[in-house]
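Heads up, data-v3.txt below (compact mmCIF, C-alpha atoms):
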# COMPACT_ATOMS: atom_id res chain seq x y z
CA MET A 583 150.50 20.26 218.74
CA SER A 584 149.69 20.75 222.40
CA THR A 585 152.06 22.92 224.39
CA ALA A 586 152.25 20.05 226.90
CA PHE A 587 154.83 18.42 224.62
CA MET A 588 156.83 21.60 224.10
CA LYS A 589 159.53 23.17 226.18
CA GLU A 590 158.09 25.49 228.83
CA GLU A 591 160.06 28.33 227.28
CA SER A 592 158.29 27.78 223.94
CA ALA A 593 154.86 28.08 225.56
CA GLU A 594 155.90 31.31 227.25
CA THR A 595 157.30 32.65 223.99
CA ALA A 596 154.11 31.78 222.13
CA ALA A 597 152.11 33.82 224.64
CA GLU A 598 154.51 36.75 224.24
CA THR A 599 154.28 36.72 220.46
CA LEU A 600 150.50 36.72 220.12
CA LEU A 601 150.09 40.47 220.34
CA PRO A 602 146.71 42.04 219.59
CA ASP A 603 146.61 44.35 216.58
CA ARG A 604 146.90 48.08 217.19
CA ALA A 605 143.47 49.71 217.15
CA ILE A 606 142.59 51.51 213.92
CA SER A 607 140.44 54.60 214.26
CA PRO A 608 136.94 54.58 212.76
CA HIS A 609 137.50 58.15 211.50
CA PRO A 610 138.67 58.94 207.97
CA ASN A 611 142.47 58.69 207.79
CA LEU A 612 143.17 62.30 206.82
CA VAL A 613 146.87 63.20 206.67
CA THR A 614 149.07 66.07 205.62
CA GLU A 615 151.79 65.39 203.04
CA ALA A 616 154.33 65.26 205.89
CA GLY A 617 152.02 62.91 207.78
CA LEU A 618 151.95 60.45 204.87
CA GLU A 619 155.75 60.59 204.62
CA ALA A 620 155.99 59.86 208.37
CA LEU A 621 153.62 56.87 208.03
CA GLU A 622 155.66 55.50 205.12
CA LEU A 623 158.87 55.90 207.13
CA GLN A 624 157.36 54.11 210.14
CA LEU A 625 156.19 51.29 207.85
CA GLN A 626 159.69 50.98 206.39
CA GLU A 627 161.24 50.93 209.89
CA ALA A 628 158.79 48.25 211.05
CA ARG A 629 159.62 46.11 208.01
CA GLU A 630 163.35 46.52 208.61
CA ALA A 631 162.95 45.57 212.29
CA TYR A 632 160.94 42.50 211.25
CA ASP A 633 163.59 41.50 208.70
CA ALA A 634 166.31 41.86 211.35
CA ALA A 635 164.30 39.74 213.79
CA SER A 636 163.70 37.10 211.13
CA ALA A 637 167.45 36.55 210.87
CA ILE A 638 167.73 35.44 214.51
CA GLU A 639 168.54 31.73 214.67
CA ASP A 640 166.85 30.83 217.97
CA VAL A 641 163.18 30.34 217.12
CA ASN A 642 161.92 31.53 220.50
CA GLU A 643 163.99 34.72 220.42
CA ARG A 644 163.05 35.27 216.76
CA ARG A 645 159.35 35.11 217.64
CA ARG A 646 159.85 37.43 220.61
CA GLN A 647 161.80 40.00 218.58
CA ALA A 648 159.47 39.84 215.55
CA ALA A 649 156.17 40.26 217.40
CA ILE A 650 156.09 44.06 217.70
CA PRO A 651 157.52 44.82 214.22
CA LEU A 652 155.02 42.40 212.66
CA ARG A 653 152.12 44.07 214.47
CA ASP A 654 153.44 47.54 213.51
CA THR A 655 153.83 46.47 209.87
CA ARG A 656 150.17 45.44 209.74
CA TYR A 657 149.10 48.73 211.37
CA PHE A 658 151.21 51.07 209.23
CA SER A 659 150.36 49.16 206.04
CA ALA A 660 146.68 49.77 206.74
CA ARG A 661 147.27 53.44 207.60
CA VAL A 662 149.32 54.10 204.45
CA ARG A 663 146.76 52.25 202.30
CA THR A 664 143.81 54.27 203.69
CA ALA A 665 145.57 57.65 203.95
CA GLN A 666 143.75 60.56 202.34
CA VAL A 667 146.25 63.37 201.74
CA ILE A 668 144.70 66.78 202.31
CA PRO A 669 146.57 69.57 200.52
CA ASN A 670 147.80 72.52 202.54
CA PRO A 671 145.05 75.15 202.86
CA THR A 672 145.35 78.17 200.60
CA SER A 673 142.85 80.40 202.39
CA PHE A 674 143.25 81.59 205.96
CA ASP A 675 139.73 82.94 206.57
CA ILE A 676 138.32 79.82 208.22
CA VAL A 677 140.11 77.11 210.24
CA ALA A 678 140.65 73.99 208.14
CA PHE A 679 142.68 70.78 208.30
CA GLY A 680 146.38 71.67 208.12
CA HIS A 681 146.01 75.17 209.57
CA THR A 682 147.93 76.40 212.58
CA VAL A 683 145.53 78.10 214.97
CA THR A 684 146.35 80.42 217.85
CA PHE A 685 143.67 80.89 220.49
CA SER A 686 143.33 82.38 223.93
CA ARG A 687 141.65 80.46 226.72
CA SER A 688 139.33 82.01 229.24
CA ASP A 689 142.00 81.37 231.92
CA GLY A 690 144.41 83.69 230.05
CA ARG A 691 146.64 81.06 228.40
CA VAL A 692 147.45 81.48 224.71
CA GLN A 693 148.08 78.30 222.75
CA THR A 694 148.99 77.47 219.17
CA TYR A 695 148.32 74.12 217.49
CA ARG A 696 148.37 72.77 213.97
CA ILE A 697 145.35 70.61 213.11
CA VAL A 698 146.54 67.34 211.57
CA GLY A 699 145.70 63.64 211.23
CA GLU A 700 145.44 61.26 214.16
CA ASP A 701 148.77 59.49 213.59
CA GLU A 702 150.72 62.73 213.28
CA ALA A 703 149.15 64.55 216.24
CA ASP A 704 151.57 65.41 219.05
CA PRO A 705 150.28 68.10 221.42
CA LYS A 706 153.71 68.53 223.06
CA ALA A 707 155.12 69.34 219.61
CA GLY A 708 152.26 71.71 218.75
CA SER A 709 149.86 69.56 216.73
CA ILE A 710 146.43 68.15 217.55
CA SER A 711 144.15 65.75 215.74
CA PHE A 712 141.19 66.98 213.74
CA VAL A 713 139.01 64.58 215.78
CA ALA A 714 140.27 65.79 219.18
CA PRO A 715 137.68 67.92 221.03
CA VAL A 716 139.66 71.16 220.55
CA GLY A 717 140.46 70.36 216.92
CA LYS A 718 136.84 69.53 216.12
CA SER A 719 135.60 72.70 217.80
CA LEU A 720 138.01 74.96 215.90
CA LEU A 721 137.33 73.61 212.41
CA GLY A 722 135.14 75.92 210.35
CA LYS A 723 135.59 78.90 212.70
CA ALA A 724 137.13 82.30 211.94
CA ILE A 725 139.32 84.79 213.79
CA GLY A 726 137.31 86.29 216.66
CA ASP A 727 135.00 83.28 217.01
CA VAL A 728 134.63 81.80 220.48
CA VAL A 729 134.08 78.09 221.09
CA SER A 730 133.34 76.29 224.34
CA ILE A 731 135.29 73.23 225.42
CA GLY A 732 134.04 71.93 228.75
CA ASP A 733 134.25 74.85 231.17
CA GLN A 734 136.73 76.78 228.98
CA GLU A 735 136.09 79.26 226.21
CA LEU A 736 138.60 79.56 223.37
CA GLU A 737 138.83 82.68 221.22
CA ILE A 738 140.57 82.30 217.88
CA ILE A 739 143.16 85.05 217.49
CA ALA A 740 145.17 83.85 214.45
CA ILE A 741 145.01 81.34 211.60
CA SER A 742 148.08 80.53 209.54
Transcribe the structure of this file into structure tokens.
Amino acid sequence: MSTAFMKEESAETAAETLLPDRAISPHPNLVTEAGLEALELQLQEAREAYDAASAIEDVNERRRQAAIPLRDTRYFSARVRTAQVIPNPTSFDIVAFGHTVTFSRSDGRVQTYRIVGEDEADPKAGSISFVAPVGKSLLGKAIGDVVSIGDQELEIIAIS
């Protein structure tokens, strides 16, 4: 049915509810055990938000309120389905997925980050993705190794 025969509000609502899907990374979906649990929780929360929105009587408001949870449900379903849980590393000789790495920068700053999956990365909370430039550069290196990132040099001083 053409939107010409619908209320103007319905046409506006339809435009608001046609959200594009969240982009899914082309990289393998590596996660820690905690990362998988977080994805499952986010999927559950998205489903609950969608269920709550589905109970709204007004069709326009229901569509508006359901749009984001529906999109998030599709995203988190795909991420949980493709998740590859990487066990915590048992050796601390070489930087691997799941390790916490402390390094000094050539400008004197010392930073510590845990290398994790893309969905669980949060630099402000001390974690970076394994596909981020710093994460990629640190993987496979040992204490004392120096890697270059742009105009900075990073020296690994601890792996835990």
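As for CA of Thr694 in chain A and CA of Gln734 in chain A, they are spaced 15.7 Å apart.
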I want to know what sits within 12 Å of Arg691 in chain A, based on only C-alpha atoms, with residues of the same chain fewer than 3 positions away left out; could you give that as a CSV table (one decimal) with C-alpha atoms, keeping the file's coordinate frame?
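Once written, part.csv looks like this:
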chain,number,residue,atom,x,y,z
A,684,THR,CA,146.4,80.4,217.8
A,685,PHE,CA,143.7,80.9,220.5
A,686,SER,CA,143.3,82.4,223.9
A,687,ARG,CA,141.6,80.5,226.7
A,688,SER,CA,139.3,82.0,229.2
A,694,THR,CA,149.0,77.5,219.2
A,734,GLN,CA,136.7,76.8,229.0
A,735,GLU,CA,136.1,79.3,226.2
A,736,LEU,CA,138.6,79.6,223.4
A,737,GLU,CA,138.8,82.7,221.2
Between CA of Val641 in chain A and CA of Phe658 in chain A, distance in Å (one decimal):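 These two atoms are separated by 25.2 Å.
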A:Pro671, A:Gly732, A:Gly680, A:Gly699 ranked by distance to Val716 in chain A, top pick (using all atoms listed in the file): A:Gly732
Atom pair CA of Val667 in chain A / CA of Leu618 in chain A: separation (Å):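 CA of Val667 in chain A sits 7.1 Å away from CA of Leu618 in chain A.
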Distance criterion (all atoms listed in the file): nearest to Arg646 in chain A out of A:Ala724, A:Ala703, A:Leu601, A:Val713: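 For Arg646 in chain A, the nearest of the candidates is A:Leu601.
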Name the residues in contact with Ser636 in chain A at a cut-off of 12 Å, using all atoms listed in the file, excluding same-chain residues fewer than 2 positions from it; report them as a PDB file with C-alpha atoms, keeping the file's coordinate frame.
ATOM      1  CA  ARG A 629     159.620  46.110 208.010  1.00  0.00           C
ATOM      2  CA  GLU A 630     163.350  46.520 208.610  1.00  0.00           C
ATOM      3  CA  ALA A 631     162.950  45.570 212.290  1.00  0.00           C
ATOM      4  CA  TYR A 632     160.940  42.500 211.250  1.00  0.00           C
ATOM      5  CA  ASP A 633     163.590  41.500 208.700  1.00  0.00           C
ATOM      6  CA  ALA A 634     166.310  41.860 211.350  1.00  0.00           C
ATOM      7  CA  ILE A 638     167.730  35.440 214.510  1.00  0.00           C
ATOM      8  CA  GLU A 639     168.540  31.730 214.670  1.00  0.00           C
ATOM      9  CA  ASP A 640     166.850  30.830 217.970  1.00  0.00           C
ATOM     10  CA  VAL A 641     163.180  30.340 217.120  1.00  0.00           C
ATOM     11  CA  ASN A 642     161.920  31.530 220.500  1.00  0.00           C
ATOM     12  CA  GLU A 643     163.990  34.720 220.420  1.00  0.00           C
ATOM     13  CA  ARG A 644     163.050  35.270 216.760  1.00  0.00           C
ATOM     14  CA  ARG A 645     159.350  35.110 217.640  1.00  0.00           C
ATOM     15  CA  ARG A 646     159.850  37.430 220.610  1.00  0.00           C
ATOM     16  CA  GLN A 647     161.800  40.000 218.580  1.00  0.00           C
ATOM     17  CA  ALA A 648     159.470  39.840 215.550  1.00  0.00           C
ATOM     18  CA  ALA A 649     156.170  40.260 217.400  1.00  0.00           C
ATOM     19  CA  PRO A 651     157.520  44.820 214.220  1.00  0.00           C
ATOM     20  CA  LEU A 652     155.020  42.400 212.660  1.00  0.00           C
TER      21      LEU A 652
END
Residues within 10 Å of (144.4, 54.5, 213.1), file coords, only C-alpha atoms, listed as a list in words: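 Selection result: Arg604, Ala605, Ile606, Ser607, Pro608, His609, Pro610, Asn611, Tyr657, Phe658, Ala660, Arg661, Val662, Thr664, Ala665, Gly699, Glu700 and Asp701 of chain A.
Closest approach to Asn670 in chain A from the set A:Val613, A:Ala635, A:Ile650, A:Leu600 is made by A:Val613, with distances taken over only C-alpha atoms.
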Top pick for closest residue to Glu627 in chain A, considering A:Asp654, A:Pro602, A:Leu720, A:Val683 and counting only C-alpha atoms: A:Asp654
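For the choices A:His681, A:Ser742, A:Leu612, A:Arg656, the atom-to-atom distance to Leu625 in chain A is smallest for A:Arg656 when using all atoms listed in the file.
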Test item: residues at most 8 Å from Gly717 in chain A, only C-alpha atoms, excluding those fewer than 6 positions along its chain, as a PyMOL selection string: chain A and resi 697+710-711
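For the residues A:Val728, A:Arg696, A:Gly722, A:Ser659, ranking by smallest atom-to-atom distance to Gln624 in chain A using only C-alpha atoms places A:Ser659 first.
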Starting from the incomplete input, reconstruct N, CA and C atoms of range 603-639 of chain A and write that as a compact mmCIF listing (two decimals), in the frame of the given file.
# COMPACT_ATOMS: atom_id res chain seq x y z
N ASP A 603 146.34 43.28 217.53
CA ASP A 603 146.61 44.35 216.58
C ASP A 603 146.39 45.70 217.23
N ARG A 604 147.11 46.71 216.73
CA ARG A 604 146.90 48.08 217.19
C ARG A 604 145.54 48.52 216.68
N ALA A 605 144.81 49.24 217.51
CA ALA A 605 143.47 49.71 217.15
C ALA A 605 143.57 50.71 216.00
N ILE A 606 142.66 50.58 215.04
CA ILE A 606 142.59 51.51 213.92
C ILE A 606 141.34 52.36 214.11
N SER A 607 141.52 53.65 214.04
CA SER A 607 140.44 54.60 214.26
C SER A 607 139.30 54.42 213.25
N PRO A 608 138.07 54.64 213.69
CA PRO A 608 136.94 54.58 212.76
C PRO A 608 136.81 55.84 211.90
N HIS A 609 137.57 56.89 212.24
CA HIS A 609 137.50 58.15 211.50
C HIS A 609 138.25 58.06 210.18
N PRO A 610 137.90 58.92 209.22
CA PRO A 610 138.67 58.94 207.97
C PRO A 610 140.14 59.20 208.30
N ASN A 611 141.03 58.58 207.54
CA ASN A 611 142.47 58.69 207.79
C ASN A 611 143.04 59.88 207.02
N LEU A 612 142.67 61.08 207.46
CA LEU A 612 143.17 62.30 206.82
C LEU A 612 144.60 62.55 207.29
N VAL A 613 145.47 62.92 206.35
CA VAL A 613 146.87 63.20 206.67
C VAL A 613 147.36 64.39 205.86
N THR A 614 148.36 65.06 206.40
CA THR A 614 149.07 66.07 205.62
C THR A 614 150.10 65.33 204.77
N GLU A 615 150.74 66.03 203.85
CA GLU A 615 151.79 65.39 203.04
C GLU A 615 152.91 64.87 203.94
N ALA A 616 153.28 65.68 204.95
CA ALA A 616 154.33 65.26 205.89
C ALA A 616 153.85 64.06 206.71
N GLY A 617 152.57 64.03 207.02
CA GLY A 617 152.02 62.91 207.78
C GLY A 617 152.10 61.61 207.01
N LEU A 618 151.83 61.65 205.70
CA LEU A 618 151.95 60.45 204.87
C LEU A 618 153.40 59.99 204.81
N GLU A 619 154.32 60.94 204.65
CA GLU A 619 155.75 60.59 204.62
C GLU A 619 156.16 59.93 205.93
N ALA A 620 155.65 60.44 207.06
CA ALA A 620 155.99 59.86 208.37
C ALA A 620 155.43 58.44 208.48
N LEU A 621 154.21 58.22 208.00
CA LEU A 621 153.62 56.87 208.03
C LEU A 621 154.44 55.90 207.18
N GLU A 622 154.85 56.36 206.00
CA GLU A 622 155.66 55.50 205.12
C GLU A 622 157.00 55.17 205.76
N LEU A 623 157.60 56.13 206.45
CA LEU A 623 158.87 55.90 207.13
C LEU A 623 158.69 54.89 208.27
N GLN A 624 157.61 55.04 209.04
CA GLN A 624 157.36 54.11 210.14
C GLN A 624 157.10 52.70 209.61
N LEU A 625 156.41 52.59 208.47
CA LEU A 625 156.19 51.29 207.85
C LEU A 625 157.52 50.68 207.43
N GLN A 626 158.38 51.46 206.82
CA GLN A 626 159.69 50.98 206.39
C GLN A 626 160.51 50.53 207.61
N GLU A 627 160.49 51.30 208.69
CA GLU A 627 161.24 50.93 209.89
C GLU A 627 160.70 49.64 210.51
N ALA A 628 159.39 49.48 210.51
CA ALA A 628 158.79 48.25 211.05
C ALA A 628 159.20 47.05 210.21
N ARG A 629 159.20 47.20 208.89
CA ARG A 629 159.62 46.11 208.01
C ARG A 629 161.08 45.75 208.22
N GLU A 630 161.92 46.77 208.37
CA GLU A 630 163.35 46.52 208.61
C GLU A 630 163.57 45.81 209.94
N ALA A 631 162.83 46.22 210.98
CA ALA A 631 162.95 45.57 212.29
C ALA A 631 162.48 44.11 212.20
N TYR A 632 161.42 43.87 211.43
CA TYR A 632 160.94 42.50 211.25
C TYR A 632 161.98 41.66 210.50
N ASP A 633 162.56 42.22 209.46
CA ASP A 633 163.59 41.50 208.70
C ASP A 633 164.78 41.16 209.59
N ALA A 634 165.18 42.11 210.44
CA ALA A 634 166.31 41.86 211.35
C ALA A 634 165.95 40.75 212.34
N ALA A 635 164.73 40.77 212.84
CA ALA A 635 164.30 39.74 213.79
C ALA A 635 164.22 38.38 213.12
N SER A 636 163.83 38.36 211.87
CA SER A 636 163.70 37.10 211.13
C SER A 636 165.03 36.39 210.93
N ALA A 637 166.12 37.13 211.05
CA ALA A 637 167.45 36.55 210.87
C ALA A 637 167.98 35.89 212.14
N ILE A 638 167.29 36.04 213.24
CA ILE A 638 167.73 35.44 214.51
C ILE A 638 167.55 33.93 214.43
N GLU A 639 168.57 33.19 214.79
CA GLU A 639 168.54 31.73 214.67
C GLU A 639 167.61 31.06 215.68
